[in-house]
>>> print(open('protein.cif').read())   # mmCIF, C-alpha atoms
data_protein
loop_
_atom_site.label_atom_id
_atom_site.label_comp_id
_atom_site.auth_asym_id
_atom_site.auth_seq_id
_atom_site.Cartn_x
_atom_site.Cartn_y
_atom_site.Cartn_z
CA MET A 1 175.32 117.13 163.37
CA PRO A 2 177.20 113.94 164.48
CA ARG A 3 179.00 114.30 167.80
CA GLN A 4 181.43 111.79 169.27
CA SER A 5 181.31 111.11 172.98
CA ALA A 6 184.32 110.50 175.22
CA ASP A 7 183.80 106.73 175.02
CA GLY A 8 184.00 106.75 171.21
CA HIS A 9 180.30 106.40 170.39
CA TRP A 10 178.43 108.77 168.10
CA TRP A 11 175.40 110.88 169.02
CA LEU A 12 172.74 111.89 166.50
CA PRO A 13 169.30 113.46 166.89
CA GLY A 14 166.43 110.99 166.73
CA LEU A 15 164.28 110.90 163.60
CA ALA A 16 160.51 111.15 163.26
CA ASN A 17 158.62 108.40 161.47
CA LEU A 18 156.12 110.51 159.53
CA HIS A 19 153.61 107.86 158.52
CA SER A 20 152.43 104.80 160.42
CA HIS A 21 149.42 102.50 160.36
CA ALA A 22 150.29 100.52 163.48
CA PHE A 23 147.81 97.68 162.94
CA GLN A 24 149.45 96.81 159.61
CA ARG A 25 152.58 95.64 161.45
CA ALA A 26 150.58 92.45 162.11
CA MET A 27 150.28 91.63 158.39
CA ALA A 28 153.87 92.39 157.36
CA GLY A 29 155.10 89.52 155.19
CA LEU A 30 151.64 88.00 154.78
CA ALA A 31 150.73 89.61 151.45
CA GLU A 32 153.65 88.23 149.42
CA ARG A 33 151.83 85.44 147.58
CA GLN A 34 150.21 86.21 144.28
CA GLY A 35 146.44 86.13 144.60
CA ASP A 36 145.76 87.81 141.27
CA PRO A 37 147.89 87.97 138.09
CA ASN A 38 147.44 91.75 138.29
CA ASP A 39 148.36 92.11 141.97
CA SER A 40 148.55 95.75 143.00
CA PHE A 41 147.82 98.13 145.84
CA TRP A 42 144.12 97.53 145.23
CA THR A 43 144.35 93.75 145.68
CA TRP A 44 146.66 94.18 148.70
CA ARG A 45 144.00 96.42 150.20
CA GLU A 46 141.56 93.50 150.33
CA LEU A 47 143.85 91.59 152.70
CA MET A 48 144.36 94.75 154.74
CA TYR A 49 140.60 95.10 155.19
CA ARG A 50 140.34 91.50 156.42
CA PHE A 51 143.04 92.12 159.03
CA ALA A 52 141.57 95.46 160.04
CA GLY A 53 138.28 93.73 160.87
CA ARG A 54 139.93 91.56 163.53
CA PHE A 55 141.32 94.25 165.82
CA ASP A 56 140.01 95.43 169.17
CA PRO A 57 141.68 97.91 171.56
CA ASP A 58 143.68 95.24 173.42
CA THR A 59 145.01 93.70 170.22
CA LEU A 60 145.87 97.10 168.79
CA HIS A 61 147.74 98.00 171.96
CA ALA A 62 149.83 94.81 171.82
CA VAL A 63 150.71 95.25 168.15
CA ALA A 64 151.47 98.95 168.54
CA CYS A 65 153.75 98.29 171.51
CA GLN A 66 155.78 95.84 169.43
CA LEU A 67 155.95 98.27 166.54
CA TYR A 68 156.90 101.28 168.64
CA ALA A 69 159.63 99.32 170.45
CA GLU A 70 161.02 98.32 167.05
CA MET A 71 160.91 101.94 165.90
CA LEU A 72 162.87 103.04 168.95
CA GLU A 73 165.45 100.32 168.39
CA ALA A 74 165.80 101.56 164.79
CA GLY A 75 166.42 105.18 165.85
CA TYR A 76 162.99 106.73 165.50
CA THR A 77 162.11 108.83 168.53
CA THR A 78 158.75 110.18 167.27
CA VAL A 79 155.95 108.56 165.28
CA CYS A 80 153.06 110.17 163.39
CA GLU A 81 150.24 107.64 163.70
CA PHE A 82 147.70 107.97 160.86
CA HIS A 83 144.84 106.28 162.66
CA TYR A 84 141.56 105.28 161.03
CA LEU A 85 140.64 102.05 162.86
CA HIS A 86 138.14 103.92 165.03
CA HIS A 87 135.04 101.77 165.66
CA GLN A 88 133.93 98.19 166.12
CA PRO A 89 134.09 96.02 162.98
CA ASP A 90 130.40 96.61 162.20
CA GLY A 91 130.87 100.38 162.42
CA ARG A 92 129.24 100.90 165.83
CA PRO A 93 131.30 103.14 168.14
CA TYR A 94 132.84 101.63 171.24
CA ALA A 95 131.34 102.74 174.56
CA ASP A 96 134.27 105.13 174.64
CA PRO A 97 134.49 106.48 171.07
CA ALA A 98 138.21 107.12 171.62
CA ALA A 99 138.98 103.55 172.78
CA MET A 100 141.14 102.64 169.80
CA SER A 101 142.94 105.99 169.86
CA LYS A 102 143.64 105.56 173.57
CA ALA A 103 145.12 102.12 172.90
CA LEU A 104 147.70 103.80 170.66
CA ILE A 105 148.38 106.52 173.21
CA ALA A 106 148.90 103.86 175.88
CA ALA A 107 151.29 101.96 173.59
CA ALA A 108 153.34 105.09 173.00
CA ARG A 109 153.51 105.85 176.70
CA ASP A 110 154.33 102.26 177.61
CA THR A 111 157.24 102.14 175.13
CA GLY A 112 158.39 105.74 175.54
CA ILE A 113 158.15 106.97 171.95
CA ARG A 114 156.87 110.46 171.18
CA LEU A 115 153.50 110.28 169.44
CA THR A 116 151.73 112.63 167.10
CA LEU A 117 148.31 111.00 166.87
CA LEU A 118 146.45 111.81 163.67
CA PRO A 119 142.83 110.60 163.89
CA VAL A 120 141.52 110.21 160.36
CA LEU A 121 138.38 111.66 158.82
CA TYR A 122 137.08 108.99 156.42
CA MET A 123 133.62 109.49 154.92
CA SER A 124 133.23 108.08 151.40
CA GLY A 125 134.40 105.14 149.31
CA GLY A 126 135.54 107.05 146.24
CA PHE A 127 135.70 110.34 144.35
CA ASP A 128 132.08 109.77 143.29
CA GLY A 129 130.96 110.06 146.93
CA ARG A 130 129.70 106.49 147.24
CA ALA A 131 128.98 105.14 150.70
CA LEU A 132 131.63 103.27 152.67
CA SER A 133 131.70 99.56 152.04
CA GLU A 134 130.88 97.13 154.83
CA ARG A 135 134.59 96.65 155.60
CA GLN A 136 135.20 100.40 155.69
CA ARG A 137 132.44 101.20 158.17
CA ARG A 138 134.70 101.05 161.21
CA PHE A 139 136.78 103.84 159.66
CA GLY A 140 133.94 106.32 159.15
CA HIS A 141 132.82 109.47 160.95
CA ALA A 142 130.26 112.18 160.38
CA PRO A 143 132.04 115.55 160.60
CA ASP A 144 130.56 116.54 163.98
CA ASP A 145 131.48 113.18 165.52
CA TYR A 146 134.98 113.50 164.16
CA LEU A 147 135.40 116.98 165.65
CA ALA A 148 134.16 115.67 169.01
CA LEU A 149 136.76 112.87 168.88
CA LEU A 150 139.47 115.35 167.95
CA GLN A 151 138.56 117.65 170.83
CA SER A 152 138.55 114.81 173.36
CA LEU A 153 141.97 113.61 172.21
CA ARG A 154 143.54 117.06 172.18
CA ALA A 155 142.62 117.35 175.85
CA LEU A 156 145.10 114.51 176.51
CA ARG A 157 148.16 116.25 175.03
CA ASP A 158 151.33 116.45 177.08
CA ASP A 159 155.07 116.86 176.57
CA THR A 160 155.37 113.72 174.42
CA LEU A 161 151.88 113.58 172.86
CA ASP A 162 150.47 115.89 170.24
CA VAL A 163 147.23 115.43 168.29
CA GLY A 164 146.62 116.67 164.76
CA VAL A 165 144.24 116.12 161.87
CA ALA A 166 144.34 113.53 159.10
CA LEU A 167 142.19 113.54 156.00
CA HIS A 168 142.35 110.04 154.66
CA SER A 169 142.48 111.08 151.00
CA LEU A 170 140.64 113.19 148.47
CA ARG A 171 138.60 110.15 147.50
CA ALA A 172 137.50 109.57 151.12
CA VAL A 173 136.66 113.16 152.15
CA PRO A 174 134.17 115.12 150.00
CA PRO A 175 135.20 118.70 149.15
CA ASP A 176 132.49 120.33 151.28
CA ALA A 177 133.41 118.25 154.33
CA MET A 178 137.09 119.09 153.86
CA GLN A 179 136.36 122.78 153.66
CA ALA A 180 134.12 122.67 156.75
CA LEU A 181 136.82 120.88 158.75
CA LEU A 182 139.51 123.32 157.67
CA VAL A 183 137.29 126.21 158.73
CA ALA A 184 136.64 124.54 162.09
CA ILE A 185 140.36 124.21 162.84
CA ALA A 186 141.44 127.51 161.29
CA GLY A 187 144.01 129.24 163.43
CA GLU A 188 144.90 126.04 165.32
CA PRO A 189 148.63 125.30 165.00
CA MET A 190 148.05 121.60 164.47
CA PRO A 191 149.58 119.31 161.84
CA ILE A 192 147.37 118.23 158.92
CA HIS A 193 148.25 115.03 157.03
CA ILE A 194 146.66 113.48 153.92
CA HIS A 195 147.34 110.57 151.56
CA VAL A 196 147.58 111.94 148.03
CA ALA A 197 148.67 110.80 144.54
CA GLU A 198 149.92 107.42 145.73
CA GLN A 199 148.51 105.42 142.83
CA LEU A 200 148.01 106.20 139.14
CA PRO A 201 144.33 105.07 139.18
CA GLU A 202 143.73 107.66 141.93
CA VAL A 203 145.24 110.37 139.74
CA GLU A 204 143.18 109.29 136.74
CA GLU A 205 139.92 109.17 138.72
CA CYS A 206 140.54 112.60 140.21
CA VAL A 207 141.15 114.07 136.76
CA ALA A 208 138.00 112.41 135.44
CA LEU A 209 135.70 113.52 138.28
CA ARG A 210 137.28 116.77 139.51
CA GLY A 211 138.98 117.94 136.35
CA SER A 212 142.36 118.22 138.07
CA ARG A 213 145.24 116.10 139.26
CA PRO A 214 144.95 115.42 143.02
CA VAL A 215 147.93 117.45 144.24
CA ARG A 216 147.00 120.34 141.96
CA TRP A 217 143.41 120.20 143.26
CA LEU A 218 144.65 120.23 146.84
CA LEU A 219 146.99 123.17 146.25
CA ASP A 220 144.22 125.13 144.52
CA ASN A 221 141.44 124.40 147.01
CA ALA A 222 142.77 123.63 150.49
CA GLY A 223 145.11 126.46 151.49
CA VAL A 224 148.06 124.09 151.82
CA ASP A 225 150.82 125.60 153.98
CA ALA A 226 153.56 124.56 156.40
CA ARG A 227 151.05 122.75 158.66
CA TRP A 228 150.44 120.17 155.93
CA THR A 229 152.14 116.85 155.22
CA LEU A 230 151.33 115.17 151.91
CA VAL A 231 151.83 111.43 152.29
CA HIS A 232 153.40 109.69 149.27
CA ALA A 233 152.72 112.35 146.58
CA THR A 234 154.35 109.85 144.26
CA HIS A 235 152.81 110.89 140.95
CA LEU A 236 153.51 114.58 140.34
CA ASP A 237 153.96 116.80 137.31
CA GLU A 238 156.50 119.63 137.28
CA GLY A 239 153.98 122.23 138.43
CA GLU A 240 152.90 120.11 141.37
CA VAL A 241 156.53 119.58 142.44
CA ARG A 242 157.12 123.33 142.46
CA GLY A 243 153.73 123.99 144.06
CA ILE A 244 154.32 121.71 147.05
CA ALA A 245 157.75 123.21 147.63
CA ALA A 246 156.40 126.77 147.40
CA SER A 247 153.57 125.99 149.83
CA GLY A 248 155.94 125.05 152.66
CA ALA A 249 154.29 121.66 153.09
CA THR A 250 156.25 118.49 153.86
CA VAL A 251 156.10 115.26 151.87
CA ALA A 252 156.16 111.96 153.81
CA ILE A 253 157.98 109.51 151.54
CA CYS A 254 157.65 105.82 152.45
CA PRO A 255 160.16 104.02 150.19
CA THR A 256 159.84 100.46 151.50
CA THR A 257 156.03 100.49 151.45
CA GLU A 258 155.91 102.28 148.10
CA ALA A 259 158.23 99.60 146.70
CA ASN A 260 156.26 96.77 148.32
CA LEU A 261 152.99 98.04 146.86
CA GLY A 262 154.43 98.92 143.45
CA ASP A 263 153.50 102.59 143.81
CA GLY A 264 156.37 104.17 141.89
CA PHE A 265 159.26 106.57 142.52
CA PHE A 266 158.91 109.99 144.13
CA PRO A 267 160.64 112.66 141.95
CA LEU A 268 163.22 113.42 144.62
CA ALA A 269 165.86 115.26 142.56
CA ASP A 270 163.35 117.72 141.13
CA TYR A 271 161.79 118.24 144.55
CA LEU A 272 165.15 118.92 146.19
CA ALA A 273 166.02 121.35 143.41
CA ALA A 274 162.76 123.19 144.16
CA GLY A 275 163.68 123.45 147.85
CA GLY A 276 160.97 121.09 149.11
CA HIS A 277 160.70 119.68 152.64
CA TRP A 278 160.38 115.94 153.24
CA GLY A 279 160.74 113.12 155.74
CA VAL A 280 160.30 109.35 155.76
CA GLY A 281 157.71 106.96 157.14
CA SER A 282 157.46 103.19 157.45
CA ASP A 283 153.71 103.17 156.64
CA SER A 284 152.72 99.48 156.38
CA HIS A 285 155.85 98.35 158.30
CA VAL A 286 157.18 95.74 155.91
CA SER A 287 160.38 97.30 157.21
CA VAL A 288 160.95 99.28 160.40
CA SER A 289 164.38 100.72 159.66
CA VAL A 290 165.60 104.30 159.43
CA VAL A 291 168.53 103.07 157.35
CA GLU A 292 166.43 101.14 154.86
CA GLU A 293 164.02 104.01 154.22
CA LEU A 294 166.83 106.49 153.58
CA ARG A 295 168.98 104.04 151.63
CA TRP A 296 166.19 102.94 149.33
CA LEU A 297 164.98 106.46 148.79
CA GLU A 298 168.40 107.16 147.25
CA TYR A 299 168.74 103.77 145.54
CA GLY A 300 165.35 104.17 143.87
CA GLN A 301 166.53 107.44 142.40
CA ARG A 302 169.74 105.80 141.17
CA LEU A 303 167.77 103.07 139.44
CA ARG A 304 165.45 105.66 137.94
CA THR A 305 168.12 108.10 136.73
CA HIS A 306 171.02 105.69 136.02
CA ARG A 307 173.48 107.74 138.07
CA ARG A 308 174.91 107.75 141.57
CA ASN A 309 174.60 110.20 144.50
CA VAL A 310 171.34 111.84 143.49
CA ALA A 311 170.36 113.35 146.85
CA VAL A 312 173.16 115.89 147.03
CA SER A 313 173.69 119.59 146.45
CA PRO A 314 176.76 121.75 145.82
CA ALA A 315 176.70 122.74 149.49
CA ARG A 316 176.04 119.16 150.69
CA PRO A 317 178.01 116.62 148.63
CA SER A 318 177.51 113.82 151.20
CA THR A 319 174.45 111.75 150.27
CA GLY A 320 174.07 110.20 153.71
CA ALA A 321 174.37 113.56 155.46
CA LEU A 322 171.83 115.27 153.22
CA LEU A 323 169.34 112.41 153.57
CA PHE A 324 169.63 112.23 157.36
CA GLN A 325 169.67 115.97 157.97
CA GLN A 326 166.74 116.73 155.69
CA ALA A 327 164.71 113.80 157.04
CA HIS A 328 165.35 115.13 160.54
CA ALA A 329 164.33 118.69 159.65
CA GLY A 330 161.26 117.54 157.71
CA GLY A 331 160.23 115.33 160.60
CA LEU A 332 160.22 118.24 163.02
CA ARG A 333 158.04 120.26 160.61
CA ALA A 334 155.53 117.48 160.09
CA CYS A 335 155.00 116.10 163.59
CA GLY A 336 154.21 119.38 165.36
CA GLN A 337 156.50 118.63 168.28
CA PRO A 338 159.49 120.79 169.26
CA ALA A 339 163.09 119.73 168.87
CA SER A 340 164.39 118.27 172.12
CA ALA A 341 168.03 117.85 173.08
CA GLY A 342 166.80 114.86 175.11
CA ASP A 343 165.85 112.97 171.93
CA ARG A 344 168.97 111.29 170.57
CA ILE A 345 170.35 108.06 169.25
CA VAL A 346 173.78 106.70 170.03
CA LEU A 347 175.60 104.70 167.36
CA ASP A 348 178.05 101.95 168.32
CA GLY A 349 181.49 103.42 167.72
CA ASP A 350 183.00 99.94 168.18
CA ALA A 351 181.08 98.47 165.23
CA PRO A 352 183.29 97.44 162.28
CA ALA A 353 181.17 99.54 159.91
CA LEU A 354 182.18 102.65 161.86
CA ALA A 355 185.87 101.84 162.37
CA GLY A 356 187.85 105.03 161.93
CA ALA A 357 184.71 107.07 161.25
CA THR A 358 184.84 110.86 161.29
CA ALA A 359 182.09 113.43 161.57
CA ASP A 360 182.42 113.96 157.79
CA ASP A 361 181.75 110.35 156.78
CA LEU A 362 179.70 108.98 159.69
CA LEU A 363 176.27 109.51 158.11
CA ASP A 364 177.35 107.98 154.80
CA ARG A 365 178.52 104.92 156.70
CA PHE A 366 175.38 104.75 158.84
CA VAL A 367 173.04 104.89 155.86
CA PHE A 368 174.96 102.89 153.26
CA ALA A 369 177.44 100.51 154.95
CA GLY A 370 175.98 97.06 155.50
CA ASN A 371 172.99 95.72 157.39
CA ARG A 372 174.26 95.15 160.93
CA PRO A 373 172.26 97.35 163.34
CA LEU A 374 174.38 100.24 164.56
CA VAL A 375 171.97 101.87 167.03
CA ARG A 376 173.28 101.27 170.56
CA GLU A 377 171.09 103.58 172.67
CA VAL A 378 167.98 105.69 172.14
CA HIS A 379 166.87 108.47 174.49
CA VAL A 380 163.49 110.22 174.38
CA ALA A 381 162.92 113.32 176.51
CA GLY A 382 166.15 112.45 178.30
CA VAL A 383 165.08 108.91 179.24
CA ALA A 384 166.99 105.91 177.90
CA ARG A 385 164.51 103.64 176.14
CA VAL A 386 167.01 101.45 174.28
CA ARG A 387 170.31 100.14 175.65
CA GLU A 388 172.73 97.76 173.93
CA GLY A 389 170.38 97.85 170.93
CA ARG A 390 167.32 96.52 172.76
CA HIS A 391 164.24 98.19 174.14
CA ALA A 392 163.97 97.90 177.90
CA GLY A 393 160.65 96.03 177.71
CA SER A 394 161.30 94.02 174.56
CA ASP A 395 160.80 90.53 176.03
CA ALA A 396 157.42 91.25 177.64
CA ILE A 397 156.28 93.27 174.64
CA ALA A 398 157.21 90.47 172.24
CA ALA A 399 155.33 87.91 174.36
CA ARG A 400 152.14 90.00 174.25
CA PHE A 401 152.60 90.55 170.53
CA GLY A 402 152.89 86.79 169.97
CA LEU A 403 149.59 86.20 171.75
CA ALA A 404 147.92 88.95 169.75
CA MET A 405 149.21 87.52 166.48
CA ARG A 406 147.85 84.07 167.30
CA ARG A 407 144.42 85.62 167.98
CA LEU A 408 144.52 87.62 164.73
CA LEU A 409 145.60 84.69 162.60
CA ALA A 410 142.95 82.46 164.14
CA GLY A 411 140.23 85.02 163.39
#
>>> encode(input="protein.cif", output="structure tokens")
Amino acid sequence: MPRQSADGHWWLPGLANLHSHAFQRAMAGLAERQGDPNDSFWTWRELMYRFAGRFDPDTLHAVACQLYAEMLEAGYTTVCEFHYLHHQPDGRPYADPAAMSKALIAAARDTGIRLTLLPVLYMSGGFDGRALSERQRRFGHAPDDYLALLQSLRALRDDTLDVGVALHSLRAVPPDAMQALLVAIAGEPMPIHIHVAEQLPEVEECVALRGSRPVRWLLDNAGVDARWTLVHATHLDEGEVRGIAASGATVAICPTTEANLGDGFFPLADYLAAGGHWGVGSDSHVSVSVVEELRWLEYGQRLRTHRRNVAVSPARPSTGALLFQQAHAGGLRACGQPASAGDRIVLDGDAPALAGATADDLLDRFVFAGNRPLVREVHVAGVARVREGRHAGSDAIAARFGLAMRRLLAG
């Protein structure tokens, strides 16, 4: 996969970031003070709701531009945007119901990243079907309104924009609504993403109210196949691991966010042994780094199993190569966009970390050797978006982001 150019630099295919909530880039680093002795995902979510209530299309565009420029600088050439910030804070639609979605599309086009936009169906506040809370109202859709939004967005697709479906979670989409949506899109070759089994309380509530673990319920009731991406899928039993792999679905693993939120460790070794597909995502964007996601996916397994070089196989003894190559392949499966020879990253062959590198050890060095950025150029659809490690519009984008942050923090 690595190829060295005549000037000594190294070419690699760009990676897809399989899970992004762009607005959460604005709160990165602002949830690291203990507000509760039992701080968890559920207490973090309260701060997220407060931030979510302050966004409008202009603010979302500014934050997403900053995020997408950072992704490109890190070596991501495609992003799957799991988008549920649909309406005004009180739940009323904007005059254009797609206004927030179009802000994300504009940000992707302005920065040059490929986008798979995944508008989210979000209907209920829990497995018991309770109504959305006041702070969740801007996320919600009735099924017909959601399908109308989806249709309007799919009309905008082009060579660097695809549009798929996202079900927020089993707790947020009642079974009958899920089945109706799947029937409505049957035969459409579009990606389908869903949060599932991220937190132990979610697993326990699903067992209590549906009589089944969440991934098992999904496999048994939703016709999961290669169109599907299961986001997190952290808490699995052996049957669920084998079931996901057999279905052809992809798992979006988000190591830095899962660590930040205290989610747990994905059972990577068992999943690889079962032949499962996977990729990585930066999710809440406490980190926007290809290297950090891949490195900490492996390091988490080392801490869990007390051994080194977990993500390997007899045919692929290089940990860095297996991680990068499988993340690349899983990304193509999950984002619904074709492989493009015009999507590539160029690593700095003059960097000390790559001195004397060969095609056999380059990916190990890239993933595991130090913290100095090694991405020199990034090309998307044949267009250079990053040169000398910086996005072409980084100064103007950062200035608009700074203004947006001051508005959000003053809100």
>>> residues_around(input="protein.cif", residues="Pro174 in chain A", least_positions_apart="5", cutoff="8 Å", atoms="only C-alpha atoms", output="PyMOL selection string")
chain A and resi 123-124+127+129
>>> resolve_selection(input="protein.cif", expression="the PyMOL selection byres ((chain A and resi 122) around 9)", output="NGL selection string")
:A and (84 or 120-121 or 123-125 or 132 or 136 or 139-142 or 166-169 or 172-173)
>>> residues_around(input="protein.cif", residues="Cys80 in chain A", least_positions_apart="3", cutoff="12 Å", atoms="only C-alpha atoms", output="MDAnalysis selection string")
chainID A and resid 15:22 68 71 76:77 83 104:105 108 113:120 160:166 191:194 229 231 252 279:283 331:337
>>> closest_residue(input="protein.cif", among="A:His9, A:Arg387, A:His235, A:Arg45", to="Pro201 in chain A", atoms="only C-alpha atoms")
A:His235
>>> residues_around(input="protein.cif", residues="range 238-242 of chain A", least_positions_apart="3", cutoff="12 Å", atoms="only C-alpha atoms", output="ChimeraX atom specification")
/A:196-197,212-220,230,233-235,245-251,266-277
>>> write_last_selection(input="protein.cif", atoms="C-alpha atoms", output="PDB file, in the coordinates of the input")
ATOM      1  CA  VAL A 196     147.580 111.940 148.030  1.00  0.00           C
ATOM      2  CA  ALA A 197     148.670 110.800 144.540  1.00  0.00           C
ATOM      3  CA  SER A 212     142.360 118.220 138.070  1.00  0.00           C
ATOM      4  CA  ARG A 213     145.240 116.100 139.260  1.00  0.00           C
ATOM      5  CA  PRO A 214     144.950 115.420 143.020  1.00  0.00           C
ATOM      6  CA  VAL A 215     147.930 117.450 144.240  1.00  0.00           C
ATOM      7  CA  ARG A 216     147.000 120.340 141.960  1.00  0.00           C
ATOM      8  CA  TRP A 217     143.410 120.200 143.260  1.00  0.00           C
ATOM      9  CA  LEU A 218     144.650 120.230 146.840  1.00  0.00           C
ATOM     10  CA  LEU A 219     146.990 123.170 146.250  1.00  0.00           C
ATOM     11  CA  ASP A 220     144.220 125.130 144.520  1.00  0.00           C
ATOM     12  CA  LEU A 230     151.330 115.170 151.910  1.00  0.00           C
ATOM     13  CA  ALA A 233     152.720 112.350 146.580  1.00  0.00           C
ATOM     14  CA  THR A 234     154.350 109.850 144.260  1.00  0.00           C
ATOM     15  CA  HIS A 235     152.810 110.890 140.950  1.00  0.00           C
ATOM     16  CA  ALA A 245     157.750 123.210 147.630  1.00  0.00           C
ATOM     17  CA  ALA A 246     156.400 126.770 147.400  1.00  0.00           C
ATOM     18  CA  SER A 247     153.570 125.990 149.830  1.00  0.00           C
ATOM     19  CA  GLY A 248     155.940 125.050 152.660  1.00  0.00           C
ATOM     20  CA  ALA A 249     154.290 121.660 153.090  1.00  0.00           C
ATOM     21  CA  THR A 250     156.250 118.490 153.860  1.00  0.00           C
ATOM     22  CA  VAL A 251     156.100 115.260 151.870  1.00  0.00           C
ATOM     23  CA  PHE A 266     158.910 109.990 144.130  1.00  0.00           C
ATOM     24  CA  PRO A 267     160.640 112.660 141.950  1.00  0.00           C
ATOM     25  CA  LEU A 268     163.220 113.420 144.620  1.00  0.00           C
ATOM     26  CA  ALA A 269     165.860 115.260 142.560  1.00  0.00           C
ATOM     27  CA  ASP A 270     163.350 117.720 141.130  1.00  0.00           C
ATOM     28  CA  TYR A 271     161.790 118.240 144.550  1.00  0.00           C
ATOM     29  CA  LEU A 272     165.150 118.920 146.190  1.00  0.00           C
ATOM     30  CA  ALA A 273     166.020 121.350 143.410  1.00  0.00           C
ATOM     31  CA  ALA A 274     162.760 123.190 144.160  1.00  0.00           C
ATOM     32  CA  GLY A 275     163.680 123.450 147.850  1.00  0.00           C
ATOM     33  CA  GLY A 276     160.970 121.090 149.110  1.00  0.00           C
ATOM     34  CA  HIS A 277     160.700 119.680 152.640  1.00  0.00           C
TER      35      HIS A 277
END
>>> atom_distance(input="protein.cif", atom1="CA of Ala186 in chain A", atom2="CA of Pro338 in chain A")
20.8 Å
>>> resolve_selection(input="protein.cif", expression="the PyMOL selection byres ((chain A and resi 379) around 9)", output="ChimeraX atom specification")
/A:14,72,77,112,342-346,377-378,380-386
>>> atom_distance(input="protein.cif", atom1="CA of Ala74 in chain A", atom2="CA of Pro373 in chain A")
7.8 Å
>>> resolve_selection(input="protein.cif", expression="the PyMOL selection byres ((chain A and resi 52) around 10)", output="list of chain:residue names")
A:Phe23, A:Gln24, A:Ala26, A:Met27, A:Glu46, A:Leu47, A:Met48, A:Tyr49, A:Arg50, A:Phe51, A:Gly53, A:Arg54, A:Phe55, A:Asp56, A:Leu60, A:Tyr84, A:Leu85, A:Pro89, A:Arg135, A:Gln136, A:Arg138, A:Phe139, A:Leu408
>>> atom_distance(input="protein.cif", atom1="CA of Trp44 in chain A", atom2="CA of Arg130 in chain A")
21.0 Å
>>> residues_near_point(input="protein.cif", point="(152.0, 94.7, 168.6)", cutoff="9 Å", atoms="all atoms listed in the file", output="compact mmCIF listing (two decimals) with C-alpha atoms, keeping the file's coordinate frame")
# COMPACT_ATOMS: atom_id res chain seq x y z
CA ALA A 22 150.29 100.52 163.48
CA PHE A 23 147.81 97.68 162.94
CA ARG A 25 152.58 95.64 161.45
CA ALA A 26 150.58 92.45 162.11
CA THR A 59 145.01 93.70 170.22
CA LEU A 60 145.87 97.10 168.79
CA HIS A 61 147.74 98.00 171.96
CA ALA A 62 149.83 94.81 171.82
CA VAL A 63 150.71 95.25 168.15
CA ALA A 64 151.47 98.95 168.54
CA CYS A 65 153.75 98.29 171.51
CA GLN A 66 155.78 95.84 169.43
CA LEU A 67 155.95 98.27 166.54
CA TYR A 68 156.90 101.28 168.64
CA ALA A 107 151.29 101.96 173.59
CA ILE A 397 156.28 93.27 174.64
CA ALA A 398 157.21 90.47 172.24
CA ARG A 400 152.14 90.00 174.25
CA PHE A 401 152.60 90.55 170.53
CA GLY A 402 152.89 86.79 169.97
CA ALA A 404 147.92 88.95 169.75
CA MET A 405 149.21 87.52 166.48
>>> residues_near_point(input="protein.cif", point="(167.5, 114.5, 161.0)", cutoff="7 Å", atoms="all atoms listed in the file", output="list in words")
Pro13, Gly14, Leu15, Phe324, Gln325, Gln326, Ala327, His328 and Ala329 of chain A
>>> residues_around(input="protein.cif", residues="Phe366 in chain A", least_positions_apart="4", cutoff="8 Å", atoms="all atoms listed in the file", output="list in words")
Val291, Gly320, Ala353, Leu354, Leu362 and Leu374 of chain A
>>> closest_residue(input="protein.cif", among="A:Leu156, A:Val290, A:Leu297, A:Val312", to="Asn371 in chain A", atoms="all atoms listed in the file")
A:Val290
>>> closest_residue(input="protein.cif", among="A:Val203, A:Leu12, A:Ala69, A:Ala208", to="Leu236 in chain A", atoms="only C-alpha atoms")
A:Val203
>>> closest_residue(input="protein.cif", among="A:Glu298, A:Glu134, A:Asp7, A:Asp39", to="Asp90 in chain A", atoms="all atoms listed in the file")
A:Glu134
